[in-house]
>>> print(open('upload05.txt').read())   # compact mmCIF, C-alpha atoms
# COMPACT_ATOMS: atom_id res chain seq x y z
CA MET A 29 -37.23 -15.53 -52.00
CA LYS A 30 -34.83 -17.22 -49.70
CA ARG A 31 -34.32 -14.02 -47.79
CA LEU A 32 -38.04 -13.46 -47.50
CA VAL A 33 -38.52 -16.94 -46.13
CA ARG A 34 -35.67 -16.40 -43.75
CA THR A 35 -37.19 -13.21 -42.43
CA THR A 36 -40.53 -14.82 -41.72
CA THR A 37 -39.06 -17.92 -40.14
CA GLY A 38 -36.51 -15.79 -38.32
CA ASN A 39 -39.29 -13.65 -36.88
CA ARG A 40 -41.51 -16.46 -35.81
CA PRO A 41 -39.43 -17.80 -32.86
CA ALA A 42 -39.03 -14.28 -31.53
CA LEU A 43 -42.75 -13.74 -31.82
CA ALA A 44 -43.45 -17.04 -30.12
CA ALA A 45 -41.02 -16.23 -27.33
CA ALA A 46 -42.57 -12.82 -26.88
CA LEU A 47 -46.01 -14.39 -26.78
CA VAL A 48 -44.90 -16.87 -24.16
CA LEU A 49 -43.38 -14.08 -22.11
CA THR A 50 -46.54 -12.04 -22.42
CA LEU A 51 -48.66 -14.98 -21.36
CA VAL A 52 -46.38 -15.65 -18.40
CA ALA A 53 -46.53 -11.98 -17.45
CA GLY A 54 -50.30 -12.10 -17.84
CA GLY A 55 -50.44 -15.12 -15.60
CA PHE A 56 -48.38 -13.38 -12.94
CA ALA A 57 -50.47 -10.25 -13.25
CA ALA A 58 -53.67 -12.23 -12.80
CA TRP A 59 -52.24 -14.14 -9.87
CA GLN A 60 -50.87 -11.11 -8.05
CA GLY A 61 -53.88 -9.02 -8.89
CA GLN A 62 -56.15 -11.65 -7.46
CA SER A 63 -54.00 -11.95 -4.34
CA TRP A 64 -54.06 -8.18 -3.94
CA TYR A 65 -57.82 -8.12 -4.37
CA ALA A 66 -58.20 -10.89 -1.83
CA ALA A 67 -55.97 -9.05 0.62
CA ALA A 68 -57.81 -5.79 0.13
CA HIS A 69 -61.26 -7.33 0.47
CA ASP A 70 -60.46 -9.70 3.29
CA GLY A 71 -63.27 -9.49 5.82
CA SER A 72 -61.07 -10.56 8.70
CA ALA A 73 -58.58 -7.80 7.87
CA ALA A 74 -61.34 -5.21 8.03
CA TYR A 75 -62.54 -6.78 11.27
CA ALA A 76 -59.01 -6.67 12.68
CA ALA A 77 -58.70 -3.01 11.71
CA GLN A 78 -62.01 -2.27 13.42
CA ARG A 79 -60.86 -4.15 16.53
CA ASP A 80 -57.69 -2.09 16.73
CA ARG A 81 -59.58 1.15 16.19
CA ALA A 82 -62.04 0.26 18.93
CA LEU A 83 -59.20 -0.68 21.25
CA ALA A 84 -57.25 2.50 20.63
CA ALA A 85 -60.32 4.70 21.04
CA GLY A 86 -61.45 2.78 24.11
CA GLN A 87 -58.10 2.99 25.84
CA GLN A 88 -57.91 6.70 25.19
CA ALA A 89 -61.45 7.23 26.42
CA VAL A 90 -60.86 5.24 29.61
CA GLN A 91 -57.73 7.22 30.25
CA ASN A 92 -59.58 10.48 29.60
CA LEU A 93 -62.30 9.56 32.05
CA ASN A 94 -59.76 8.92 34.75
CA THR A 95 -57.86 12.12 34.24
CA LEU A 96 -58.94 15.35 35.85
CA ASP A 97 -57.11 18.40 37.09
CA HIS A 98 -59.03 20.57 39.57
CA ARG A 99 -57.42 23.64 37.98
CA ARG A 100 -58.91 22.79 34.61
CA VAL A 101 -62.08 21.01 35.48
CA ASP A 102 -64.19 22.33 32.65
CA GLN A 103 -61.63 21.41 30.07
CA GLY A 104 -61.33 17.93 31.56
CA LEU A 105 -65.06 17.40 31.76
CA ASP A 106 -65.49 18.54 28.17
CA LEU A 107 -63.07 15.82 27.20
CA TRP A 108 -65.04 13.32 29.25
CA GLU A 109 -68.19 14.23 27.41
CA SER A 110 -66.59 14.07 24.01
CA SER A 111 -65.17 10.62 24.78
CA THR A 112 -68.52 9.14 25.69
CA THR A 113 -71.91 8.42 24.24
CA GLY A 114 -75.22 6.93 25.24
CA GLU A 115 -76.09 6.29 28.86
CA LEU A 116 -72.65 7.08 30.21
CA HIS A 117 -72.62 10.39 28.39
CA LYS A 118 -76.02 11.25 29.82
CA GLU A 119 -74.86 10.48 33.34
CA LEU A 120 -71.77 12.61 32.96
CA VAL A 121 -73.72 15.56 31.62
CA GLU A 122 -76.30 15.33 34.38
CA GLY A 123 -73.78 15.01 37.16
CA ARG A 124 -71.36 17.53 35.77
CA GLN A 125 -72.17 20.51 38.02
CA GLN A 126 -72.03 18.53 41.20
CA PHE A 127 -68.92 16.65 40.25
CA ALA A 128 -67.05 19.77 39.16
CA GLY A 129 -67.80 21.31 42.52
CA GLN A 130 -66.50 18.26 44.37
CA VAL A 131 -63.26 18.16 42.44
CA LYS A 132 -62.64 21.87 42.86
CA GLU A 133 -63.19 21.53 46.55
CA ALA A 134 -60.97 18.47 46.92
CA ARG A 135 -58.28 20.11 44.80
CA THR A 136 -57.07 16.84 43.44
CA VAL A 137 -55.21 16.06 40.27
CA THR A 138 -55.95 12.66 38.85
CA THR A 139 -53.94 11.10 36.09
CA ALA A 140 -54.25 7.67 34.60
CA ARG A 141 -52.04 5.37 32.61
CA VAL A 142 -53.27 2.43 30.61
CA LEU A 143 -51.19 -0.61 31.51
CA SER A 144 -52.85 -2.96 29.12
CA GLY A 145 -56.06 -3.37 27.25
CA ALA A 146 -57.82 -5.77 24.98
CA VAL A 147 -61.14 -6.14 23.23
CA THR A 148 -63.21 -9.11 24.38
CA GLU A 149 -66.18 -8.77 22.07
CA LEU A 150 -66.68 -6.93 18.85
CA ASP A 151 -69.84 -6.67 16.81
CA ASP A 152 -68.63 -4.96 13.70
CA ARG A 153 -72.06 -4.52 12.16
CA ALA A 154 -73.88 -3.27 15.22
CA GLY A 155 -70.89 -1.13 16.16
CA ARG A 156 -70.60 -2.40 19.70
CA ALA A 157 -67.64 -3.73 21.61
CA ARG A 158 -66.54 -4.71 25.08
CA MET A 159 -63.07 -4.36 26.43
CA LEU A 160 -60.81 -4.81 29.39
CA VAL A 161 -58.50 -2.01 30.38
CA ALA A 162 -55.93 -2.35 33.12
CA LEU A 163 -55.42 1.13 34.50
CA ARG A 164 -53.07 2.74 36.99
CA ILE A 165 -54.59 5.84 38.48
CA THR A 166 -52.49 8.38 40.32
CA VAL A 167 -54.29 10.81 42.58
CA THR A 168 -52.37 13.82 43.81
CA THR A 169 -54.01 15.72 46.63
CA SER A 170 -53.58 19.39 47.48
CA ASP A 171 -50.76 18.59 49.88
CA ALA A 172 -48.78 17.07 47.01
CA LYS A 173 -49.21 13.52 48.23
CA SER A 174 -49.83 11.07 45.46
CA THR A 175 -51.19 7.60 45.62
CA ASP A 176 -51.31 4.93 42.96
CA LYS A 177 -54.24 2.67 42.52
CA ASP A 178 -54.67 -0.07 39.98
CA SER A 179 -58.05 -0.38 38.42
CA ARG A 180 -59.55 -3.27 36.54
CA MET A 181 -61.85 -1.54 34.12
CA LEU A 182 -64.58 -3.05 31.99
CA GLY A 183 -65.63 -0.83 29.16
CA GLU A 184 -68.45 -0.84 26.68
CA LEU A 185 -67.99 0.86 23.37
CA THR A 186 -70.44 2.09 20.80
CA ARG A 187 -69.58 3.34 17.36
CA VAL A 188 -71.09 6.70 16.56
CA ASP A 189 -70.57 8.10 13.07
CA GLY A 190 -67.55 5.89 12.56
CA GLN A 191 -66.04 6.87 15.90
CA TRP A 192 -65.77 4.49 18.81
CA LYS A 193 -66.93 6.04 22.05
CA LEU A 194 -67.33 4.76 25.55
CA SER A 195 -70.93 3.98 26.41
CA GLY A 196 -70.32 2.22 29.68
CA LEU A 197 -67.51 1.97 32.17
CA GLY A 198 -67.17 0.11 35.42
CA GLN A 199 -64.78 -1.83 37.54
CA ALA A 200 -64.58 -5.58 37.51
CA PRO A 201 -66.18 -6.77 40.76
CA VAL A 202 -64.01 -8.57 43.26
CA GLY A 203 -65.24 -11.78 44.74
CA GLY A 204 -68.48 -11.51 42.89
CA THR A 205 -68.38 -14.79 41.09
CA ALA A 206 -65.74 -16.70 43.02
CA SER A 207 -67.22 -19.38 45.20
CA GLY A 208 -64.33 -19.48 47.60
CA GLY A 209 -62.45 -22.54 48.86
CA MET B 222 -15.52 -7.54 -80.70
CA SER B 223 -19.20 -7.77 -80.64
CA THR B 224 -19.21 -9.34 -84.04
CA THR B 225 -16.87 -12.09 -82.95
CA ARG B 226 -18.98 -12.56 -79.90
CA HIS B 227 -22.16 -12.76 -81.97
CA HIS B 228 -20.43 -15.04 -84.33
CA LEU B 229 -19.26 -17.20 -81.53
CA ASN B 230 -22.68 -17.26 -80.06
CA ARG B 231 -24.19 -18.21 -83.33
CA GLN B 232 -21.62 -20.94 -83.66
CA ARG B 233 -22.39 -22.09 -80.19
CA ARG B 234 -26.10 -22.12 -80.90
CA ARG B 235 -25.55 -24.08 -84.08
CA GLN B 236 -23.39 -26.52 -82.29
CA ALA B 237 -25.90 -26.81 -79.59
CA LEU B 238 -28.61 -27.60 -82.10
CA ALA B 239 -26.39 -30.12 -83.85
CA GLU B 240 -25.47 -31.76 -80.64
CA PRO B 241 -27.90 -34.13 -78.98
CA SER B 242 -30.11 -32.75 -76.29
CA ALA B 243 -28.24 -34.85 -73.77
CA ARG B 244 -25.26 -32.61 -74.18
CA ARG B 245 -27.39 -29.56 -74.13
CA ALA B 246 -28.59 -30.10 -70.72
CA PRO B 247 -25.21 -29.90 -69.07
CA GLY B 248 -24.50 -27.00 -71.32
CA ASN B 249 -27.54 -25.33 -69.94
CA VAL B 250 -26.73 -26.13 -66.42
CA LEU B 251 -23.19 -24.90 -66.69
CA THR B 252 -24.00 -21.97 -68.91
CA ASP B 253 -20.85 -19.99 -68.26
CA PRO B 254 -18.22 -22.69 -67.99
CA ALA B 255 -19.73 -24.43 -71.00
CA THR B 256 -18.13 -21.86 -73.19
CA ASP B 257 -14.72 -22.95 -72.07
CA PRO B 258 -14.73 -26.52 -73.34
CA MET B 259 -16.64 -25.50 -76.46
CA THR B 260 -14.40 -22.72 -77.50
CA GLY B 261 -11.13 -23.74 -76.06
CA THR B 262 -9.29 -21.21 -78.13
CA ASP B 263 -12.04 -18.69 -77.77
CA THR B 264 -11.31 -18.27 -74.13
CA GLY B 265 -8.71 -15.80 -75.15
CA THR B 266 -11.17 -13.87 -77.26
CA GLU B 267 -13.84 -14.35 -74.76
CA ALA B 268 -11.60 -12.90 -72.13
CA GLY B 269 -12.29 -9.68 -73.93
CA PRO B 270 -16.05 -9.87 -74.18
CA ALA B 271 -16.30 -11.48 -70.80
CA PRO B 272 -16.23 -8.21 -68.96
CA GLU B 273 -18.65 -6.83 -71.52
CA GLU B 274 -20.88 -9.77 -71.04
CA LYS B 275 -20.56 -9.21 -67.34
CA ALA B 276 -21.33 -5.60 -67.95
CA GLU B 277 -24.31 -6.69 -69.98
CA THR B 278 -25.49 -9.26 -67.48
CA GLY B 279 -24.59 -6.80 -64.80
CA PRO B 280 -27.87 -4.97 -65.01
CA ALA B 281 -29.64 -8.30 -65.31
CA ARG B 282 -27.91 -9.49 -62.22
CA LYS B 283 -28.49 -6.21 -60.60
CA LYS B 284 -32.11 -6.53 -61.54
CA LYS B 285 -32.31 -9.83 -59.78
CA PRO B 286 -30.95 -8.70 -56.46
CA ALA B 287 -32.71 -5.42 -56.96
CA PRO B 288 -36.18 -6.82 -56.31
CA GLY B 289 -34.64 -8.76 -53.45
CA ALA B 290 -33.06 -5.62 -52.16
CA ARG B 291 -36.30 -3.85 -52.67
CA ARG B 292 -38.04 -6.61 -50.89
CA THR B 293 -35.69 -6.50 -47.98
CA GLY B 294 -35.66 -2.79 -48.19
CA GLY B 295 -39.39 -2.86 -48.70
CA ALA B 296 -39.71 -5.17 -45.73
CA GLN B 297 -38.51 -2.32 -43.60
CA ASP B 298 -41.20 -0.11 -45.02
CA GLY B 299 -44.03 -2.55 -45.58
CA PRO B 300 -44.14 -6.13 -44.30
CA ARG B 301 -41.44 -5.78 -41.63
CA PRO B 302 -43.33 -3.28 -39.41
CA ARG B 303 -46.35 -5.43 -39.89
CA ARG B 304 -44.24 -8.29 -38.59
CA LEU B 305 -42.59 -6.21 -35.89
CA LEU B 306 -45.79 -4.58 -34.69
CA PRO B 307 -47.13 -7.67 -32.90
CA LEU B 308 -43.71 -8.19 -31.40
CA ALA B 309 -43.65 -4.63 -30.10
CA VAL B 310 -47.21 -4.94 -28.83
CA LEU B 311 -46.31 -8.13 -27.03
CA CYS B 312 -43.24 -6.51 -25.50
CA VAL B 313 -45.22 -3.54 -24.26
CA LEU B 314 -47.95 -5.84 -22.99
CA THR B 315 -45.37 -7.97 -21.21
CA LEU B 316 -43.90 -4.92 -19.54
CA LEU B 317 -47.30 -3.60 -18.52
CA LEU B 318 -48.49 -6.91 -17.17
CA GLY B 319 -45.19 -7.52 -15.41
CA GLY B 320 -45.34 -4.06 -13.92
CA PHE B 321 -48.86 -4.61 -12.70
CA ALA B 322 -47.93 -7.98 -11.24
CA GLY B 323 -45.07 -6.41 -9.31
CA TRP B 324 -47.21 -3.55 -8.09
CA ALA B 325 -50.07 -5.83 -7.04
CA HIS B 326 -47.58 -8.06 -5.26
CA SER B 327 -46.19 -5.18 -3.25
CA ARG B 328 -49.69 -3.90 -2.46
CA ALA B 329 -50.82 -7.32 -1.29
CA GLY B 330 -47.64 -7.68 0.75
CA ALA B 331 -48.18 -4.31 2.40
CA LEU B 332 -51.73 -5.30 3.29
CA ARG B 333 -50.64 -8.64 4.66
CA ASP B 334 -47.84 -7.13 6.71
CA ASP B 335 -50.32 -4.82 8.38
CA PRO B 336 -49.83 -5.43 12.12
CA ALA B 337 -53.60 -5.35 12.62
CA ARG B 338 -53.86 -8.32 10.31
CA ALA B 339 -50.99 -10.24 11.86
CA ASN B 340 -52.84 -10.11 15.17
CA THR B 341 -55.57 -12.73 14.94
CA ALA B 342 -57.11 -12.03 18.34
CA LEU B 343 -60.90 -12.06 17.82
CA THR B 344 -60.57 -12.49 14.07
CA ASP B 345 -59.74 -16.13 14.68
CA LEU B 346 -62.48 -16.86 17.17
CA ALA B 347 -61.64 -20.53 17.64
CA ARG B 348 -58.05 -19.77 18.50
CA THR B 349 -59.01 -16.80 20.67
CA SER B 350 -61.32 -18.87 22.82
CA GLU B 351 -58.77 -21.66 22.92
CA VAL B 352 -56.09 -19.28 24.18
CA LYS B 353 -58.51 -17.82 26.71
CA GLY B 354 -59.55 -21.21 27.99
CA ARG B 355 -56.04 -22.58 28.21
CA THR B 356 -54.77 -19.45 29.93
CA ALA B 357 -57.59 -19.45 32.46
CA ALA B 358 -56.90 -23.08 33.29
CA ALA B 359 -53.16 -22.48 33.58
CA VAL B 360 -53.61 -19.40 35.78
CA ALA B 361 -56.06 -21.19 38.04
CA ALA B 362 -53.64 -24.08 38.49
CA LEU B 363 -50.55 -21.92 38.88
CA PHE B 364 -51.95 -19.52 41.44
CA SER B 365 -53.85 -21.95 43.59
CA TYR B 366 -52.39 -23.74 46.52
CA ASP B 367 -53.77 -26.35 48.80
CA HIS B 368 -51.64 -27.20 51.78
CA ALA B 369 -53.15 -30.67 51.73
CA ASP B 370 -51.90 -31.29 48.22
CA PRO B 371 -48.71 -29.34 47.64
CA ALA B 372 -47.75 -31.77 44.90
CA ALA B 373 -50.50 -30.39 42.70
CA PHE B 374 -48.95 -26.95 42.96
CA GLU B 375 -45.54 -28.31 42.04
CA LYS B 376 -47.03 -30.20 39.15
CA ALA B 377 -48.85 -27.14 37.86
CA GLY B 378 -45.59 -25.21 37.81
CA LYS B 379 -43.92 -27.94 35.82
CA THR B 380 -46.70 -28.42 33.30
CA HIS B 381 -47.75 -24.85 32.62
CA LEU B 382 -44.56 -22.84 32.83
CA THR B 383 -41.64 -22.31 30.54
CA GLY B 384 -38.69 -19.96 30.25
CA LYS B 385 -38.48 -17.00 32.59
CA ALA B 386 -42.00 -17.55 33.86
CA VAL B 387 -40.61 -20.35 36.06
CA GLU B 388 -38.52 -17.85 37.98
CA GLN B 389 -41.28 -15.23 38.00
CA HIS B 390 -43.73 -17.73 39.42
CA ARG B 391 -41.26 -18.73 42.13
CA THR B 392 -40.66 -15.11 43.08
CA LEU B 393 -44.38 -14.35 43.23
CA PHE B 394 -45.09 -17.32 45.43
CA GLY B 395 -41.83 -17.37 47.37
CA GLY B 396 -43.09 -15.55 50.44
CA VAL B 397 -46.54 -17.01 50.29
CA LEU B 398 -45.61 -20.67 50.18
CA ALA B 399 -43.91 -20.89 53.58
CA GLN B 400 -46.75 -18.99 55.19
CA ALA B 401 -49.36 -21.01 53.38
CA ALA B 402 -47.86 -24.28 54.52
CA ARG B 403 -47.63 -23.04 58.10
CA GLN B 404 -51.16 -21.71 58.26
CA LYS B 405 -52.58 -24.61 56.28
CA MET B 406 -53.95 -22.28 53.73
CA VAL B 407 -56.03 -22.93 50.70
CA ILE B 408 -55.46 -20.35 48.04
CA THR B 409 -57.84 -20.45 45.17
CA THR B 410 -57.49 -18.35 42.09
CA THR B 411 -60.26 -17.95 39.60
CA VAL B 412 -60.06 -16.02 36.39
CA THR B 413 -63.09 -13.73 36.29
CA ASP B 414 -62.33 -11.91 33.05
CA SER B 415 -59.76 -12.26 30.40
CA ALA B 416 -59.11 -10.74 27.03
CA VAL B 417 -56.69 -11.73 24.34
CA GLU B 418 -54.57 -8.74 23.39
CA ARG B 419 -52.82 -10.41 20.53
CA ILE B 420 -52.28 -13.72 18.86
CA ASP B 421 -49.38 -13.97 16.50
CA GLY B 422 -49.03 -17.51 15.26
CA ASP B 423 -48.07 -19.64 18.25
CA ARG B 424 -47.65 -16.71 20.61
CA ALA B 425 -50.31 -14.80 22.47
CA ARG B 426 -50.73 -12.25 25.21
CA VAL B 427 -53.70 -12.35 27.50
CA LEU B 428 -54.89 -9.76 29.98
CA VAL B 429 -56.28 -11.51 33.04
CA TYR B 430 -58.49 -10.33 35.87
CA ALA B 431 -58.48 -12.90 38.61
CA ASP B 432 -59.97 -13.27 42.03
CA GLN B 433 -57.84 -14.81 44.68
CA SER B 434 -59.24 -16.11 47.89
CA SER B 435 -57.02 -17.33 50.64
CA VAL B 436 -58.52 -19.28 53.44
CA SER B 437 -56.66 -20.41 56.48
CA THR B 438 -57.88 -23.82 57.49
CA ALA B 439 -55.61 -24.22 60.47
CA GLY B 440 -57.42 -26.42 62.92
CA ALA B 441 -60.40 -27.12 60.72
CA LYS B 442 -58.97 -28.19 57.44
CA LYS B 443 -61.60 -30.76 56.62
CA ASP B 444 -64.58 -28.60 57.36
CA ALA B 445 -63.15 -25.67 55.52
CA LYS B 446 -63.63 -27.29 52.19
CA LYS B 447 -67.07 -28.59 52.92
CA ASP B 448 -68.88 -25.66 54.38
CA GLY B 449 -68.41 -21.99 53.93
CA GLN B 450 -67.61 -21.12 57.55
CA ALA B 451 -63.90 -20.86 56.88
CA GLN B 452 -64.64 -18.28 54.26
CA ASP B 453 -65.31 -15.76 56.96
CA GLN B 454 -61.60 -15.70 57.56
CA GLY B 455 -60.93 -15.73 53.88
CA VAL B 456 -59.50 -12.80 52.06
CA TYR B 457 -60.57 -11.85 48.60
CA ALA B 458 -58.31 -9.93 46.37
CA GLY B 459 -58.65 -8.90 42.84
CA ALA B 460 -55.58 -9.23 40.73
CA MET B 461 -54.76 -8.09 37.26
CA PHE B 462 -51.84 -9.16 35.19
CA ALA B 463 -50.94 -10.17 31.70
CA VAL B 464 -49.43 -13.43 30.62
CA ASP B 465 -47.55 -14.30 27.48
CA VAL B 466 -48.32 -17.80 26.36
CA VAL B 467 -46.59 -19.87 23.74
CA LEU B 468 -47.82 -22.95 21.92
CA ARG B 469 -45.47 -25.89 22.34
CA ASP B 470 -46.30 -29.40 21.25
CA GLY B 471 -49.99 -28.59 21.14
CA ARG B 472 -50.07 -27.01 24.61
CA TRP B 473 -50.12 -23.39 25.60
CA LEU B 474 -47.41 -22.67 28.15
CA VAL B 475 -47.02 -19.53 30.21
CA GLU B 476 -43.81 -17.87 29.16
CA ASN B 477 -44.02 -14.55 30.95
CA ILE B 478 -46.09 -13.10 33.77
CA ASP B 479 -46.44 -9.34 33.63
CA THR B 480 -47.71 -7.91 36.90
CA PHE B 481 -47.29 -4.34 35.61
CA GLY B 482 -44.44 -3.57 37.95
CA ARG B 483 -46.26 -4.61 41.09
>>> encode(input="upload05.txt", output="structure tokens")
Amino acid sequence: MKRLVRTTTGNRPALAAALVLTLVAGGFAAWQGQSWYAAAHDGSAAYAAQRDRALAAGQQAVQNLNTLDHRRVDQGLDLWESSTTGELHKELVEGRQQFAGQVKEARTVTTARVLSGAVTELDDRAGRARMLVALRITVTTSDAKSTDKDSRMLGELTRVDGQWKLSGLGQAPVGGTASGG
Amino acid sequence: MSTTRHHLNRQRRRQALAEPSARRAPGNVLTDPATDPMTGTDTGTEAGPAPEEKAETGPARKKKPAPGARRTGGAQDGPRPRRLLPLAVLCVLTLLLGGFAGWAHSRAGALRDDPARANTALTDLARTSEVKGRTAAAVAALFSYDHADPAAFEKAGKTHLTGKAVEQHRTLFGGVLAQAARQKMVITTTVTDSAVERIDGDRARVLVYADQSSVSTAGAKKDAKKDGQAQDQGVYAGAMFAVDVVLRDGRWLVENIDTFGR
């Protein structure tokens, strides 16, 4: 009898301790699980990811559209078309023949390097964004002379089937808004 | 031997009956030692039967611990597992829950450490527009010069710059200042576009497109500001650069001016 009592009372603290440990573990699990869920379903994180995707795609597209080798015009122009959508894409397709001829005649090689870029507006739902891309364009003519030109690009992006593409591209106007001294 | 023992027992029983119950009680309590005072001389004879008695009570004694042993032994078969099962379940549960907690923690940490998340440009709209506004104001002040009020230029440098940007600003304006003072120039810089590349806590990087107009007002400094005639001699230039700003004591200070190697 004594031994039986001892076994039950001897078991009870262990059981209680185990229960406490389990509850503590359960608490931690709930806490961390909730924090993981919150991190995974954070809207701002998804928005940030979309911003970075738009920026990366936009920078690449702007660089593509400022890169053209007269020896591989068709290849270059194909890349232009695949980087764009909407109105800009339409313009490029329509002006392709004429432009290809000009480049072949001028025998220029144009390369571009993105110096910096940032998204200014992003509508995640509509899939539209605006961005600034600071670009350095190097034009090498047939006589191997190259000139650098910095370009202040303003780009418009549209998301098509989950892919960000350039739907508008232009240069920031100089002196347009400044009112002078 | 057994006869003497039975005889002795009978004697003992008789004595016990003869004796008052008061004496019986202790006799009962001290069953074994009671024999000693009762049969002082019998101890010698009892020394013989004692082992037999032990041998006889042996099974009885063995019987007593036997159920105990069976119980303890049985506890390993029956009640013990029943008692150990919850303990085992709790242990397994603890391990599983602990494991999940650790895993969830690492997953959440990985998500939080995502560089895209650390950059709060655009995701924190209030801060983004604050950084943009502060940077535009700082750039306008830093890159504008009015020969009539050179103190303002000096003041702008002191209030908006920090670290290596002080030297960068001096280098950028070094050649211009002497000329500007001589030609009584008014240089006005306006930020036309800007975009926040990244905000990481109290640090940010902003890409700036700015228009710079320089107007020489030599000879007509008062009119130059009032009417636009002097603008005919003005020169417009578009500039692009990036600035790193840092939040110090509630104010965003320009820490670095990146002119992209120009």
>>> atom_distance(input="upload05.txt", atom1="atom CA of Leu120 of chain A", atom2="atom CA of Asp97 of chain A")
16.3 Å
>>> atom_distance(input="upload05.txt", atom1="atom CA of Val161 of chain A", atom2="atom CA of Arg135 of chain A")
26.4 Å
>>> closest_atom_pairs(input="upload05.txt", of="chain A", to="chain B", cutoff="7 Å", atoms="all atoms listed in the file", output="JSON lines")
{"residue": "A:Leu43", "atom": "CA", "partner": "B:Leu308", "partner_atom": "CA", "distance": 5.6}
{"residue": "A:Ala46", "atom": "CA", "partner": "B:Leu311", "partner_atom": "CA", "distance": 6.0}
{"residue": "A:Leu47", "atom": "CA", "partner": "B:Leu311", "partner_atom": "CA", "distance": 6.3}
{"residue": "A:Leu49", "atom": "CA", "partner": "B:Thr315", "partner_atom": "CA", "distance": 6.5}
{"residue": "A:Thr50", "atom": "CA", "partner": "B:Thr315", "partner_atom": "CA", "distance": 4.4}
{"residue": "A:Ala53", "atom": "CA", "partner": "B:Gly319", "partner_atom": "CA", "distance": 5.1}
{"residue": "A:Gly54", "atom": "CA", "partner": "B:Leu318", "partner_atom": "CA", "distance": 5.5}
{"residue": "A:Phe56", "atom": "CA", "partner": "B:Ala322", "partner_atom": "CA", "distance": 5.7}
{"residue": "A:Ala57", "atom": "CA", "partner": "B:Ala322", "partner_atom": "CA", "distance": 4.0}
{"residue": "A:Gln60", "atom": "CA", "partner": "B:His326", "partner_atom": "CA", "distance": 5.3}
{"residue": "A:Gly61", "atom": "CA", "partner": "B:Ala325", "partner_atom": "CA", "distance": 5.3}
{"residue": "A:Ser63", "atom": "CA", "partner": "B:Ala329", "partner_atom": "CA", "distance": 6.4}
{"residue": "A:Trp64", "atom": "CA", "partner": "B:Ala329", "partner_atom": "CA", "distance": 4.3}
{"residue": "A:Ala67", "atom": "CA", "partner": "B:Ala329", "partner_atom": "CA", "distance": 5.8}
{"residue": "A:Ala68", "atom": "CA", "partner": "B:Leu332", "partner_atom": "CA", "distance": 6.9}
{"residue": "A:Ser72", "atom": "CA", "partner": "B:Thr344", "partner_atom": "CA", "distance": 5.7}
{"residue": "A:Ala73", "atom": "CA", "partner": "B:Arg338", "partner_atom": "CA", "distance": 5.3}
{"residue": "A:Tyr75", "atom": "CA", "partner": "B:Thr344", "partner_atom": "CA", "distance": 6.7}
{"residue": "A:Ala76", "atom": "CA", "partner": "B:Ala337", "partner_atom": "CA", "distance": 5.6}
{"residue": "A:Ala77", "atom": "CA", "partner": "B:Ala337", "partner_atom": "CA", "distance": 5.7}
{"residue": "A:Asp80", "atom": "CA", "partner": "B:Ala337", "partner_atom": "CA", "distance": 6.7}
{"residue": "A:Leu143", "atom": "CA", "partner": "B:Phe481", "partner_atom": "CA", "distance": 6.8}
{"residue": "A:Gly145", "atom": "CA", "partner": "B:Glu418", "partner_atom": "CA", "distance": 6.8}
{"residue": "A:Ala146", "atom": "CA", "partner": "B:Glu418", "partner_atom": "CA", "distance": 4.7}
{"residue": "A:Val147", "atom": "CA", "partner": "B:Ala416", "partner_atom": "CA", "distance": 6.3}
{"residue": "A:Thr148", "atom": "CA", "partner": "B:Ala416", "partner_atom": "CA", "distance": 5.1}
{"residue": "A:Leu160", "atom": "CA", "partner": "B:Ala416", "partner_atom": "CA", "distance": 6.6}
{"residue": "A:Arg180", "atom": "CA", "partner": "B:Met461", "partner_atom": "CA", "distance": 6.8}
{"residue": "A:Val202", "atom": "CA", "partner": "B:Gly459", "partner_atom": "CA", "distance": 5.4}
{"residue": "A:Gly203", "atom": "CA", "partner": "B:Tyr457", "partner_atom": "CA", "distance": 6.1}
{"residue": "A:Ala206", "atom": "CA", "partner": "B:Thr411", "partner_atom": "CA", "distance": 6.6}
{"residue": "A:Gly208", "atom": "CA", "partner": "B:Ser434", "partner_atom": "CA", "distance": 6.1}
{"residue": "A:Gly209", "atom": "CA", "partner": "B:Lys446", "partner_atom": "CA", "distance": 5.9}
>>> closest_residue(input="upload05.txt", among="A:Gly86, A:Gly129, A:Gly55, A:Gly71", to="Leu182 of chain A", atoms="all atoms listed in the file")
A:Gly86
>>> residues_near_point(input="upload05.txt", point="(-68.6, 14.0, 28.1)", cutoff="9 Å", atoms="all atoms listed in the file", output="list of chain:residue names")
A:Leu93, A:Gly104, A:Leu105, A:Asp106, A:Leu107, A:Trp108, A:Glu109, A:Ser110, A:Ser111, A:Thr112, A:Thr113, A:Leu116, A:His117, A:Lys118, A:Glu119, A:Leu120, A:Val121, A:Arg124
>>> residues_near_point(input="upload05.txt", point="(-58.0, 22.3, 41.2)", cutoff="9 Å", atoms="only C-alpha atoms", output="count of residues only")
14
>>> residues_around(input="upload05.txt", residues="Leu185 of chain A", least_positions_apart="4", cutoff="10 Å", atoms="all atoms listed in the file", output="list of chain:residue names")
A:Ala82, A:Leu83, A:Ala85, A:Gly86, A:Ala89, A:Thr112, A:Thr113, A:Gly114, A:Val147, A:Glu149, A:Leu150, A:Gly155, A:Arg156, A:Ala157, A:Arg158, A:Met159, A:Gln191, A:Trp192, A:Lys193, A:Leu194, A:Ser195, A:Gly196, A:Leu197
